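Colleague: This is target38.cif, which holds mmCIF, C-alpha atoms (C1' of nucleotides):
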```
data_upload
#
loop_
_atom_site.label_atom_id
_atom_site.label_comp_id
_atom_site.auth_asym_id
_atom_site.auth_seq_id
_atom_site.Cartn_x
_atom_site.Cartn_y
_atom_site.Cartn_z
CA MET A 30 -12.14 -21.90 17.45
CA VAL A 31 -14.05 -18.99 18.88
CA ARG A 32 -14.49 -16.36 16.11
CA VAL A 33 -13.93 -13.00 17.68
CA GLY A 34 -15.73 -11.17 14.91
CA LEU A 35 -12.95 -9.19 13.27
CA THR A 36 -13.80 -6.63 10.64
CA PRO A 37 -11.68 -3.94 9.00
CA ASP A 38 -13.68 -1.41 10.96
CA ARG A 39 -13.17 -2.98 14.36
CA LEU A 40 -9.49 -3.38 13.60
CA THR A 41 -9.26 0.26 12.69
CA ARG A 42 -10.94 1.45 15.86
CA ALA A 43 -8.90 -0.87 18.04
CA GLY A 44 -5.81 0.31 16.19
CA ALA A 45 -6.72 3.90 17.00
CA GLU A 46 -7.06 3.06 20.69
CA LEU A 47 -3.80 1.18 20.61
CA ALA A 48 -2.16 4.18 18.98
CA ASP A 49 -3.29 6.42 21.82
CA GLU A 50 -1.87 3.97 24.34
CA VAL A 51 1.48 3.07 22.85
CA GLY A 52 2.06 5.67 20.14
CA PHE A 53 1.12 5.48 16.49
CA ASP A 54 4.41 4.09 15.31
CA HIS A 55 4.21 1.25 17.79
CA VAL A 56 0.96 0.14 16.23
CA THR A 57 1.73 -3.18 14.61
CA VAL A 58 -0.31 -5.97 13.13
CA SER A 59 1.14 -8.28 15.77
CA ALA A 60 0.20 -6.05 18.69
CA LEU A 61 -3.31 -5.68 17.34
CA ALA A 62 -3.66 -9.46 16.96
CA ARG A 63 -2.53 -9.91 20.55
CA ARG A 64 -5.12 -7.39 21.69
CA PHE A 65 -7.84 -9.46 20.04
CA GLY A 66 -6.42 -12.73 21.35
CA VAL A 67 -6.00 -13.96 17.82
CA LYS A 68 -3.11 -15.17 15.67
CA VAL A 69 -1.32 -12.59 13.57
CA ALA A 70 -2.08 -14.15 10.22
CA SER A 71 -5.80 -13.83 10.86
CA LEU A 72 -5.69 -10.07 10.50
CA TYR A 73 -4.46 -10.36 6.94
CA SER A 74 -7.91 -11.37 5.79
CA HIS A 75 -9.20 -7.97 6.89
CA VAL A 76 -6.39 -5.57 6.11
CA LYS A 77 -3.96 -5.84 3.22
CA ASN A 78 -0.85 -5.23 5.26
CA SER A 79 0.67 -3.05 7.93
CA GLN A 80 0.63 0.03 5.74
CA ASP A 81 -3.02 -0.52 4.93
CA LEU A 82 -3.86 -0.76 8.62
CA LYS A 83 -2.05 2.48 9.36
CA THR A 84 -3.73 4.24 6.48
CA ARG A 85 -7.15 3.15 7.75
CA ILE A 86 -6.35 4.48 11.20
CA ALA A 87 -5.19 7.74 9.65
CA LEU A 88 -8.39 8.11 7.65
CA PHE A 89 -10.45 7.31 10.71
CA ALA A 90 -8.64 9.95 12.76
CA LEU A 91 -8.97 12.54 10.01
CA GLU A 92 -12.69 11.89 9.86
CA GLU A 93 -13.16 12.05 13.60
CA LEU A 94 -11.16 15.24 13.85
CA ALA A 95 -13.06 16.84 10.98
CA ASP A 96 -16.36 15.96 12.65
CA ARG A 97 -15.26 17.58 15.87
CA ALA A 98 -14.01 20.66 14.09
CA ALA A 99 -17.26 20.98 12.17
CA ASP A 100 -19.22 20.77 15.41
CA ALA A 101 -17.01 23.33 17.09
CA VAL A 102 -17.23 25.83 14.27
CA ALA A 103 -20.97 25.48 13.68
CA GLY A 104 -22.75 28.74 14.39
CA ARG A 105 -19.58 30.73 14.93
CA ALA A 106 -17.70 33.18 12.74
CA GLY A 107 -14.60 35.33 12.76
CA ARG A 108 -12.51 35.27 15.88
CA ASP A 109 -14.83 32.89 17.72
CA ALA A 110 -14.70 30.38 14.90
CA LEU A 111 -10.93 30.65 14.70
CA ILE A 112 -10.54 29.97 18.41
CA ALA A 113 -12.99 27.07 18.38
CA PHE A 114 -11.28 25.56 15.36
CA ALA A 115 -7.82 25.92 16.80
CA ASP A 116 -8.85 24.50 20.16
CA THR A 117 -10.38 21.48 18.50
CA TYR A 118 -7.03 20.52 17.05
CA ARG A 119 -5.10 21.06 20.23
CA ASP A 120 -7.65 19.28 22.39
CA TYR A 121 -7.85 16.35 20.04
CA ALA A 122 -4.08 15.94 20.09
CA ARG A 123 -3.99 16.07 23.86
CA GLU A 124 -6.85 13.64 24.22
CA HIS A 125 -5.77 11.29 21.43
CA PRO A 126 -2.06 11.70 20.75
CA GLY A 127 -1.81 8.48 18.78
CA ARG A 128 -4.76 9.31 16.58
CA TYR A 129 -3.42 12.80 16.04
CA ASP A 130 -0.11 11.38 14.87
CA ALA A 131 -2.04 9.01 12.66
CA ALA A 132 -3.88 11.92 11.08
CA ARG A 133 -0.49 13.30 10.04
CA LEU A 134 0.51 10.16 8.15
CA ARG A 135 1.64 10.88 4.62
CA LEU A 136 -1.09 9.60 2.32
CA ASP A 137 -0.63 9.07 -1.35
CA PRO A 138 -2.38 11.77 -3.42
CA GLU A 139 -5.48 9.79 -4.42
CA THR A 140 -6.09 8.54 -0.89
CA ALA A 141 -5.61 12.05 0.45
CA ALA A 142 -7.99 13.49 -2.11
CA ALA A 143 -10.68 11.02 -1.03
CA SER A 144 -10.08 11.58 2.68
CA ALA A 145 -11.57 13.91 5.25
CA GLY A 146 -8.43 15.97 4.73
CA VAL A 147 -10.30 17.99 2.13
CA ARG A 148 -12.98 18.84 4.71
CA HIS A 149 -10.24 20.28 6.90
CA ALA A 150 -9.10 22.54 4.11
CA GLN A 151 -12.68 23.54 3.34
CA MET A 152 -13.34 24.42 6.95
CA THR A 153 -10.22 26.51 7.13
CA ARG A 154 -11.31 28.42 4.05
CA ALA A 155 -14.79 28.83 5.54
CA ILE A 156 -13.33 30.43 8.63
CA LEU A 157 -11.17 32.72 6.57
CA ARG A 158 -14.24 33.96 4.74
CA GLY A 159 -14.93 35.93 7.89
CA TYR A 160 -11.73 37.89 7.30
CA ASP A 161 -12.41 39.02 3.79
CA LEU A 162 -9.11 38.11 2.18
CA THR A 163 -8.52 38.15 -1.56
CA GLU A 164 -6.82 35.33 -3.42
CA PRO A 165 -4.01 34.38 -3.25
CA ASP A 166 -3.85 35.72 0.31
CA GLN A 167 -6.51 33.28 1.31
CA THR A 168 -4.37 30.36 0.21
CA HIS A 169 -1.38 31.77 2.04
CA ALA A 170 -3.53 32.12 5.13
CA VAL A 171 -4.82 28.56 4.85
CA ARG A 172 -1.26 27.37 4.80
CA MET A 173 -0.26 29.60 7.68
CA LEU A 174 -3.06 28.43 9.92
CA GLY A 175 -2.36 24.81 9.12
CA SER A 176 1.31 25.35 9.86
CA VAL A 177 0.81 27.09 13.18
CA PHE A 178 -1.78 24.69 14.49
CA HIS A 179 0.05 21.60 13.42
CA GLY A 180 3.41 23.01 14.44
CA TYR A 181 2.32 24.11 17.89
CA VAL A 182 0.48 20.94 18.68
CA SER A 183 3.30 18.77 17.50
CA LEU A 184 5.92 20.70 19.45
CA GLU A 185 3.76 20.66 22.56
CA MET A 186 3.20 16.91 22.22
CA ALA A 187 6.92 16.39 21.86
CA GLY A 188 7.43 18.13 25.18
CA GLY A 189 9.13 21.09 23.59
CA PHE A 190 7.50 23.60 25.92
CA SER A 191 8.02 21.87 29.21
CA HIS A 192 11.28 23.51 30.25
CA THR A 193 9.88 27.00 30.72
CA ALA A 194 7.50 28.20 33.40
CA VAL A 195 5.18 29.88 30.90
CA ASP A 196 1.84 28.10 30.62
CA PRO A 197 1.35 26.54 27.17
CA GLN A 198 -2.33 27.49 27.32
CA GLU A 199 -1.38 31.15 27.60
CA SER A 200 0.98 30.91 24.66
CA TRP A 201 -1.72 29.19 22.65
CA SER A 202 -4.25 31.91 23.36
CA TRP A 203 -1.70 34.61 22.62
CA ILE A 204 -0.85 32.98 19.31
CA VAL A 205 -4.45 32.49 18.20
CA ASP A 206 -5.21 36.08 19.20
CA SER A 207 -2.24 37.27 17.23
CA LEU A 208 -3.34 35.34 14.17
CA ASP A 209 -6.79 36.85 14.43
CA ALA A 210 -5.28 40.34 14.58
CA LEU A 211 -2.96 39.53 11.69
CA LEU A 212 -5.80 38.31 9.49
CA ARG A 213 -7.94 41.33 10.28
CA ALA A 214 -5.04 43.57 9.34
CA ARG A 215 -4.72 41.77 6.01
CA ALA A 216 -8.39 42.17 5.16
CA ALA A 217 -9.17 43.55 1.72
CA HIS A 218 -10.78 46.77 2.81
CA MET B 16 39.13 -9.29 7.40
CA VAL B 17 39.56 -5.84 5.99
CA ARG B 18 38.72 -3.31 8.76
CA VAL B 19 36.66 -0.57 7.24
CA GLY B 20 37.42 1.83 10.06
CA LEU B 21 34.07 2.27 11.70
CA THR B 22 33.63 4.87 14.39
CA PRO B 23 30.52 6.27 16.04
CA ASP B 24 31.12 9.46 14.13
CA ARG B 25 31.39 7.86 10.70
CA LEU B 26 28.31 5.82 11.42
CA THR B 27 26.41 8.93 12.40
CA ARG B 28 27.37 10.81 9.24
CA ALA B 29 26.62 7.83 7.02
CA GLY B 30 23.35 7.43 8.86
CA ALA B 31 22.49 11.05 8.11
CA GLU B 32 23.18 10.51 4.41
CA LEU B 33 21.14 7.34 4.45
CA ALA B 34 18.29 9.22 6.10
CA ASP B 35 18.28 11.76 3.28
CA GLU B 36 18.15 8.97 0.73
CA VAL B 37 15.58 6.60 2.20
CA GLY B 38 13.89 8.62 4.94
CA PHE B 39 14.81 8.83 8.58
CA ASP B 40 12.53 6.06 9.72
CA HIS B 41 14.01 3.66 7.22
CA VAL B 42 17.41 4.15 8.78
CA THR B 43 18.25 0.81 10.34
CA VAL B 44 21.36 -0.73 11.79
CA SER B 45 21.15 -3.40 9.10
CA ALA B 46 20.96 -0.94 6.24
CA LEU B 47 23.90 0.98 7.62
CA ALA B 48 25.94 -2.21 7.95
CA ARG B 49 25.16 -3.07 4.33
CA ARG B 50 26.29 0.36 3.28
CA PHE B 51 29.66 -0.24 4.90
CA GLY B 52 29.91 -3.78 3.54
CA VAL B 53 30.09 -5.11 7.05
CA LYS B 54 28.09 -7.55 9.17
CA VAL B 55 25.31 -6.12 11.29
CA ALA B 56 26.71 -7.19 14.63
CA SER B 57 29.86 -5.19 14.00
CA LEU B 58 28.02 -1.91 14.43
CA TYR B 59 27.05 -2.78 17.96
CA SER B 60 30.58 -2.11 19.13
CA HIS B 61 30.18 1.50 18.08
CA VAL B 62 26.56 2.35 18.87
CA LYS B 63 24.53 0.93 21.74
CA ASN B 64 21.47 0.08 19.66
CA SER B 65 19.13 1.35 17.02
CA GLN B 66 17.75 4.07 19.27
CA ASP B 67 21.25 5.26 20.09
CA LEU B 68 22.08 5.48 16.40
CA LYS B 69 19.00 7.54 15.69
CA THR B 70 19.68 9.83 18.61
CA ARG B 71 23.20 10.45 17.35
CA ILE B 72 21.88 11.32 13.90
CA ALA B 73 19.34 13.65 15.49
CA LEU B 74 22.02 15.43 17.51
CA PHE B 75 24.22 15.73 14.44
CA ALA B 76 21.38 17.26 12.43
CA LEU B 77 20.48 19.68 15.20
CA GLU B 78 24.08 20.81 15.36
CA GLU B 79 24.43 21.22 11.62
CA LEU B 80 21.18 23.13 11.41
CA ALA B 81 22.15 25.39 14.31
CA ASP B 82 25.47 26.15 12.63
CA ARG B 83 23.73 27.12 9.43
CA ALA B 84 21.21 29.26 11.22
CA ALA B 85 23.95 31.01 13.17
CA ASP B 86 25.78 31.77 9.94
CA ALA B 87 22.64 33.03 8.27
CA VAL B 88 21.69 35.33 11.12
CA ALA B 89 25.16 36.74 11.72
CA GLY B 90 25.25 40.46 11.04
CA ARG B 91 21.51 40.77 10.52
CA ALA B 92 18.72 42.04 12.72
CA GLY B 93 14.97 42.52 12.71
CA ARG B 94 13.15 41.54 9.57
CA ASP B 95 16.32 40.52 7.72
CA ALA B 96 17.35 38.22 10.52
CA LEU B 97 13.89 36.72 10.70
CA ILE B 98 13.85 35.97 6.98
CA ALA B 99 17.35 34.52 6.99
CA PHE B 100 16.54 32.36 9.99
CA ALA B 101 13.29 31.10 8.53
CA ASP B 102 14.86 30.35 5.17
CA THR B 103 17.61 28.37 6.81
CA TYR B 104 15.08 25.93 8.24
CA ARG B 105 13.11 25.57 5.07
CA ASP B 106 16.19 25.20 2.89
CA TYR B 107 17.73 22.65 5.20
CA ALA B 108 14.57 20.57 5.14
CA ARG B 109 14.44 20.68 1.35
CA GLU B 110 18.10 19.85 0.99
CA HIS B 111 18.22 17.23 3.76
CA PRO B 112 14.74 15.89 4.42
CA GLY B 113 16.01 12.88 6.33
CA ARG B 114 18.24 14.95 8.57
CA TYR B 115 15.44 17.42 9.13
CA ASP B 116 13.17 14.63 10.29
CA ALA B 117 15.98 13.38 12.47
CA ALA B 118 16.27 16.79 14.09
CA ARG B 119 12.63 16.45 15.13
CA LEU B 120 13.17 13.18 16.97
CA ARG B 121 11.84 13.25 20.52
CA LEU B 122 14.85 13.34 22.80
CA ASP B 123 14.68 12.62 26.48
CA PRO B 124 14.99 15.78 28.58
CA GLU B 125 18.66 15.44 29.57
CA THR B 126 19.77 14.67 26.03
CA ALA B 127 17.73 17.57 24.73
CA ALA B 128 19.19 19.91 27.33
CA ALA B 129 22.71 18.99 26.23
CA SER B 130 21.91 19.25 22.52
CA ALA B 131 22.17 22.05 19.99
CA GLY B 132 18.44 22.43 20.51
CA VAL B 133 19.17 25.04 23.14
CA ARG B 134 21.15 27.06 20.58
CA HIS B 135 18.05 27.09 18.40
CA ALA B 136 16.00 28.55 21.22
CA GLN B 137 18.72 31.08 22.00
CA MET B 138 18.90 32.21 18.39
CA THR B 139 15.15 32.62 18.22
CA ARG B 140 15.28 34.79 21.33
CA ALA B 141 18.16 36.76 19.86
CA ILE B 142 16.12 37.56 16.77
CA LEU B 143 13.16 38.58 18.86
CA ARG B 144 15.34 41.06 20.71
CA GLY B 145 15.02 43.17 17.57
CA TYR B 146 11.27 43.41 18.18
CA ASP B 147 11.37 44.71 21.70
CA LEU B 148 8.86 42.37 23.29
CA THR B 149 8.34 42.07 27.01
CA GLU B 150 8.11 38.79 28.87
CA PRO B 151 6.05 36.66 28.66
CA ASP B 152 5.29 37.81 25.13
CA GLN B 153 8.78 36.87 24.10
CA THR B 154 8.22 33.29 25.17
CA HIS B 155 4.92 33.19 23.34
CA ALA B 156 6.66 34.52 20.26
CA VAL B 157 9.45 31.95 20.50
CA ARG B 158 6.81 29.24 20.52
CA MET B 159 4.90 30.79 17.69
CA LEU B 160 7.93 31.08 15.43
CA GLY B 161 8.98 27.53 16.20
CA SER B 162 5.48 26.33 15.44
CA VAL B 163 5.10 28.13 12.15
CA PHE B 164 8.51 27.21 10.82
CA HIS B 165 8.31 23.62 11.86
CA GLY B 166 4.68 23.33 10.84
CA TYR B 167 5.11 24.85 7.42
CA VAL B 168 8.23 22.89 6.59
CA SER B 169 6.72 19.65 7.74
CA LEU B 170 3.49 20.18 5.80
CA GLU B 171 5.43 21.16 2.71
CA MET B 172 7.66 18.10 3.01
CA ALA B 173 4.57 15.92 3.35
CA GLY B 174 3.33 17.27 0.04
CA GLY B 175 0.47 19.10 1.69
CA PHE B 176 0.74 22.10 -0.62
CA SER B 177 1.06 20.36 -3.92
CA HIS B 178 -2.59 20.32 -4.97
CA THR B 179 -2.97 24.09 -5.40
CA ALA B 180 -1.41 26.25 -8.05
CA VAL B 181 -0.10 28.78 -5.54
CA ASP B 182 3.69 28.75 -5.28
CA PRO B 183 4.83 27.55 -1.85
CA GLN B 184 7.65 30.08 -1.97
CA GLU B 185 5.14 32.90 -2.21
CA SER B 186 3.16 31.58 0.71
CA TRP B 187 6.35 31.26 2.71
CA SER B 188 7.35 34.86 2.04
CA TRP B 189 3.84 36.06 2.80
CA ILE B 190 3.84 34.19 6.10
CA VAL B 191 7.27 35.40 7.22
CA ASP B 192 6.29 38.94 6.26
CA SER B 193 3.11 38.61 8.23
CA LEU B 194 4.99 37.37 11.26
CA ASP B 195 7.34 40.31 11.03
CA ALA B 196 4.40 42.71 10.94
CA LEU B 197 2.71 40.90 13.80
CA LEU B 198 5.81 41.10 15.98
CA ARG B 199 6.33 44.77 15.24
CA ALA B 200 2.72 45.41 16.19
CA ARG B 201 3.26 43.63 19.49
CA ALA B 202 6.35 45.68 20.37
CA ALA B 203 6.43 47.25 23.82
CA HIS B 204 6.37 50.88 22.73
"C1'" DT C 22 61.96 -6.14 16.26
"C1'" DG C 23 58.98 -9.27 18.53
"C1'" DC C 24 55.37 -10.27 21.45
"C1'" DA C 25 51.41 -8.99 24.37
"C1'" DA C 26 47.32 -6.65 24.69
"C1'" DC C 27 43.75 -4.45 22.51
"C1'" DT C 28 40.13 -3.90 19.45
"C1'" DA C 29 37.66 -4.30 15.04
"C1'" DC C 30 35.04 -7.29 12.79
"C1'" DC C 31 33.23 -12.03 12.54
"C1'" DT C 32 29.92 -16.27 13.26
"C1'" DA C 33 26.08 -18.05 15.70
"C1'" DA C 34 21.80 -17.78 17.66
"C1'" DA C 35 17.43 -16.25 19.70
"C1'" DG C 36 13.40 -13.40 19.50
"C1'" DG C 37 10.08 -10.25 17.18
"C1'" DC C 38 7.39 -8.40 13.19
"C1'" DT C 39 5.56 -9.09 8.33
"C1'" DT C 40 3.57 -11.58 4.94
"C1'" DT C 41 1.99 -15.63 2.09
"C1'" DA C 42 0.05 -20.38 1.41
"C1'" DG C 43 -2.88 -23.69 2.50
"C1'" DG C 44 -6.22 -26.14 5.96
"C1'" DC C 45 -10.25 -26.87 9.11
"C1'" DA C 46 -14.41 -25.69 11.11
"C1'" DA C 47 -18.15 -22.39 12.14
"C1'" DA C 48 -21.82 -19.80 10.16
"C1'" DC C 49 -25.02 -18.80 6.56
"C1'" DC C 50 -28.27 -19.93 2.81
"C1'" DT C 51 -31.55 -22.63 0.62
"C1'" DA D 26 -29.53 -31.05 6.37
"C1'" DG D 27 -26.09 -30.15 2.82
"C1'" DG D 28 -23.16 -27.18 0.50
"C1'" DT D 29 -20.77 -22.95 0.29
"C1'" DT D 30 -18.63 -19.22 2.20
"C1'" DT D 31 -15.51 -17.28 5.26
"C1'" DG D 32 -13.07 -16.58 9.70
"C1'" DC D 33 -9.36 -18.06 12.13
"C1'" DC D 34 -5.68 -21.48 12.26
"C1'" DT D 35 -0.75 -23.69 11.47
"C1'" DA D 36 3.45 -23.46 8.97
"C1'" DA D 37 7.11 -21.23 7.06
"C1'" DA D 38 10.23 -17.81 4.99
"C1'" DG D 39 12.39 -13.30 5.21
"C1'" DC D 40 14.18 -9.30 7.51
"C1'" DC D 41 15.58 -6.54 11.66
"C1'" DT D 42 17.55 -6.32 16.47
"C1'" DT D 43 20.48 -7.63 19.91
"C1'" DT D 44 23.74 -10.53 22.69
"C1'" DA D 45 27.64 -13.86 23.35
"C1'" DG D 46 31.75 -15.36 22.24
"C1'" DG D 47 35.66 -16.06 18.70
"C1'" DT D 48 39.56 -14.66 15.47
"C1'" DA D 49 42.69 -11.82 13.38
"C1'" DG D 50 44.54 -7.10 12.43
"C1'" DT D 51 46.88 -3.32 14.88
"C1'" DT D 52 49.25 -0.97 18.43
"C1'" DG D 53 52.53 -0.27 22.04
"C1'" DC D 54 56.18 -1.38 24.76
"C1'" DA D 55 60.47 -3.81 25.90
#
```
Here is the file; what I need is its structure written in the form of structure tokens.
Modeller:
Amino acid sequence: MVRVGLTPDRLTRAGAELADEVGFDHVTVSALARRFGVKVASLYSHVKNSQDLKTRIALFALEELADRAADAVAGRAGRDALIAFADTYRDYAREHPGRYDAARLRLDPETAAASAGVRHAQMTRAILRGYDLTEPDQTHAVRMLGSVFHGYVSLEMAGGFSHTAVDPQESWSWIVDSLDALLRARAAH
Amino acid sequence: MVRVGLTPDRLTRAGAELADEVGFDHVTVSALARRFGVKVASLYSHVKNSQDLKTRIALFALEELADRAADAVAGRAGRDALIAFADTYRDYAREHPGRYDAARLRLDPETAAASAGVRHAQMTRAILRGYDLTEPDQTHAVRMLGSVFHGYVSLEMAGGFSHTAVDPQESWSWIVDSLDALLRARAAH
DNA sequence: TGCAACTACCTAAAGGCTTTAGGCAAACCT
DNA sequence: AGGTTTGCCTAAAGCCTTTAGGTAGTTGCA
């Protein structure tokens, strides 16, 4: 018996890599056990069950993405911050499609409240501070930005933009530009 | 032996109902067989496999959604058409969450090309005609609208907006309004 | 109307994933 | 070194998928 050195953390990271390779919903306790050269049952000492494993991967991805976004936004404001923030999401999804899908897993309210998800919301609000919106417009705008970013990235990942000749990068820039203009137009003064 | 009268079509419709009740990714050949009081293997004479079943449900949902959207948009233009179109998506997702998820299933290119998905794109373009955009702006706008609608609906379904006091309906109206303004601002003349 | 052909549903079985229970041996602690 | 902890194991049950081959309703044609 060789003792590979499993821990919840190593399982989570390996699960994230596996997700990027085979897709988040093909991440299974069995596949992960195979990847470690270990019997399936062994993993159940480290994670509660399949759902638990997926949740851990989701939390990991949320954290990683929030870190990247924080880095990207640091020292920027207004339009520059918006672009950097938006690009972080899109780039992350292109680089780590499985992790990105994981980050979109439905978490139960308490888990979500304790997750890096709240940092995402905070960062979005921080960026919007540069646009001088009043409540409740700021909340509407938070929701709009989340919707566009998530929506675009998820449609692009699904191959929804591959049948036209128009470069997805151009559309992305056009959209982010448009949002910037929209938010400036909605400013309080 | 009683002969329930299974057909691919009945299975697809029942599958769509099942999806609304238990969620699209809990739709399984077994569950569907149970629902018809029939042995699992019997379904395999009517659908090729689990993937085939899900694809059929997806195509059905796309069709149903396209029909509703076409109805909603008929006789309207500009802002009115945009609102009606947007509301159709959101209402459909609220009324039929499982079917809505099904409609978002990744289809292989040929299947997608033969699906009602193309009607969705055509309708979006038709609505944008009211805003007088030039290419490639129109393509960018098609992608933006798709992103916002899909993104908002999917975040709302996931419960992403439930922790704030702000009414999701208000945010939705604000966003659609904003998009209308944005598109008018981008008009060619 | 009766029989042949078809077809709808069945039983059986194999393979995969999940999860729990209980066992052995490696690693740590004193 | 001895005892305890704990990491990985075997075994087994349950559910889902999918294929192969059988039986009995149903249909169509003479």
Colleague: Pull out every residue that the PyMOL selection byres ((chain C and resi 51) around 10) matches in the shown coordinates and put them as a CSV table (one decimal) with C-alpha atoms (C1' of nucleotides), in the coordinates of the input.
Modeller:
```csv
chain,number,residue,atom,x,y,z
C,49,DC,C1',-25.0,-18.8,6.6
C,50,DC,C1',-28.3,-19.9,2.8
D,27,DG,C1',-26.1,-30.2,2.8
D,28,DG,C1',-23.2,-27.2,0.5
```
Colleague: Can you give me, as an MDAnalysis selection string, the residues this file yields under the PyMOL selection byres ((chain A and resi 86-96) around 10)?
Modeller: chainID A and resid 38 40:46 48 53 56 80:85 97:101 114 117:118 121:122 125 127:136 140:141 143:150 152
Colleague: Would you output that residue set with C-alpha atoms, as a PDB file, in the coordinates of the input?
Modeller:
```pdb
ATOM      1  CA  ASP A  38     -13.680  -1.410  10.960  1.00  0.00           C
ATOM      2  CA  LEU A  40      -9.490  -3.380  13.600  1.00  0.00           C
ATOM      3  CA  THR A  41      -9.260   0.260  12.690  1.00  0.00           C
ATOM      4  CA  ARG A  42     -10.940   1.450  15.860  1.00  0.00           C
ATOM      5  CA  ALA A  43      -8.900  -0.870  18.040  1.00  0.00           C
ATOM      6  CA  GLY A  44      -5.810   0.310  16.190  1.00  0.00           C
ATOM      7  CA  ALA A  45      -6.720   3.900  17.000  1.00  0.00           C
ATOM      8  CA  GLU A  46      -7.060   3.060  20.690  1.00  0.00           C
ATOM      9  CA  ALA A  48      -2.160   4.180  18.980  1.00  0.00           C
ATOM     10  CA  PHE A  53       1.120   5.480  16.490  1.00  0.00           C
ATOM     11  CA  VAL A  56       0.960   0.140  16.230  1.00  0.00           C
ATOM     12  CA  GLN A  80       0.630   0.030   5.740  1.00  0.00           C
ATOM     13  CA  ASP A  81      -3.020  -0.520   4.930  1.00  0.00           C
ATOM     14  CA  LEU A  82      -3.860  -0.760   8.620  1.00  0.00           C
ATOM     15  CA  LYS A  83      -2.050   2.480   9.360  1.00  0.00           C
ATOM     16  CA  THR A  84      -3.730   4.240   6.480  1.00  0.00           C
ATOM     17  CA  ARG A  85      -7.150   3.150   7.750  1.00  0.00           C
ATOM     18  CA  ARG A  97     -15.260  17.580  15.870  1.00  0.00           C
ATOM     19  CA  ALA A  98     -14.010  20.660  14.090  1.00  0.00           C
ATOM     20  CA  ALA A  99     -17.260  20.980  12.170  1.00  0.00           C
ATOM     21  CA  ASP A 100     -19.220  20.770  15.410  1.00  0.00           C
ATOM     22  CA  ALA A 101     -17.010  23.330  17.090  1.00  0.00           C
ATOM     23  CA  PHE A 114     -11.280  25.560  15.360  1.00  0.00           C
ATOM     24  CA  THR A 117     -10.380  21.480  18.500  1.00  0.00           C
ATOM     25  CA  TYR A 118      -7.030  20.520  17.050  1.00  0.00           C
ATOM     26  CA  TYR A 121      -7.850  16.350  20.040  1.00  0.00           C
ATOM     27  CA  ALA A 122      -4.080  15.940  20.090  1.00  0.00           C
ATOM     28  CA  HIS A 125      -5.770  11.290  21.430  1.00  0.00           C
ATOM     29  CA  GLY A 127      -1.810   8.480  18.780  1.00  0.00           C
ATOM     30  CA  ARG A 128      -4.760   9.310  16.580  1.00  0.00           C
ATOM     31  CA  TYR A 129      -3.420  12.800  16.040  1.00  0.00           C
ATOM     32  CA  ASP A 130      -0.110  11.380  14.870  1.00  0.00           C
ATOM     33  CA  ALA A 131      -2.040   9.010  12.660  1.00  0.00           C
ATOM     34  CA  ALA A 132      -3.880  11.920  11.080  1.00  0.00           C
ATOM     35  CA  ARG A 133      -0.490  13.300  10.040  1.00  0.00           C
ATOM     36  CA  LEU A 134       0.510  10.160   8.150  1.00  0.00           C
ATOM     37  CA  ARG A 135       1.640  10.880   4.620  1.00  0.00           C
ATOM     38  CA  LEU A 136      -1.090   9.600   2.320  1.00  0.00           C
ATOM     39  CA  THR A 140      -6.090   8.540  -0.890  1.00  0.00           C
ATOM     40  CA  ALA A 141      -5.610  12.050   0.450  1.00  0.00           C
ATOM     41  CA  ALA A 143     -10.680  11.020  -1.030  1.00  0.00           C
ATOM     42  CA  SER A 144     -10.080  11.580   2.680  1.00  0.00           C
ATOM     43  CA  ALA A 145     -11.570  13.910   5.250  1.00  0.00           C
ATOM     44  CA  GLY A 146      -8.430  15.970   4.730  1.00  0.00           C
ATOM     45  CA  VAL A 147     -10.300  17.990   2.130  1.00  0.00           C
ATOM     46  CA  ARG A 148     -12.980  18.840   4.710  1.00  0.00           C
ATOM     47  CA  HIS A 149     -10.240  20.280   6.900  1.00  0.00           C
ATOM     48  CA  ALA A 150      -9.100  22.540   4.110  1.00  0.00           C
ATOM     49  CA  MET A 152     -13.340  24.420   6.950  1.00  0.00           C
TER      50      MET A 152
END
```
Colleague: When you get a sec, could you note down which chain C residues fall within 10 Å of chain B, using only C-alpha atoms (C1' of nucleotides), as a compact mmCIF listing (two decimals) with C-alpha atoms (C1' of nucleotides), in the coordinates of the input?
Modeller:
```txt
# COMPACT_ATOMS: atom_id res chain seq x y z
C1' DT C 28 40.13 -3.90 19.45
C1' DA C 29 37.66 -4.30 15.04
C1' DC C 30 35.04 -7.29 12.79
C1' DC C 31 33.23 -12.03 12.54
C1' DT C 32 29.92 -16.27 13.26
```
Colleague: What are the residues of chain A that have an atom within 8 Å of an atom of chain B, counting all atoms listed in the file, as a count of residues only?
Modeller: 25
Colleague: Quick one, how far is atom C1' of D:DT51 from atom CA of B:Arg25?
Modeller: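 Result for atom C1' of D:DT51 versus atom CA of B:Arg25: 19.6 Å, one decimal.
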Colleague: State, in Å with one decimal place, the distance from atom C1' of D:DG53 to atom CA of B:Pro23.
Modeller: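 Distance reported for this atom pair: 23.7 Å.
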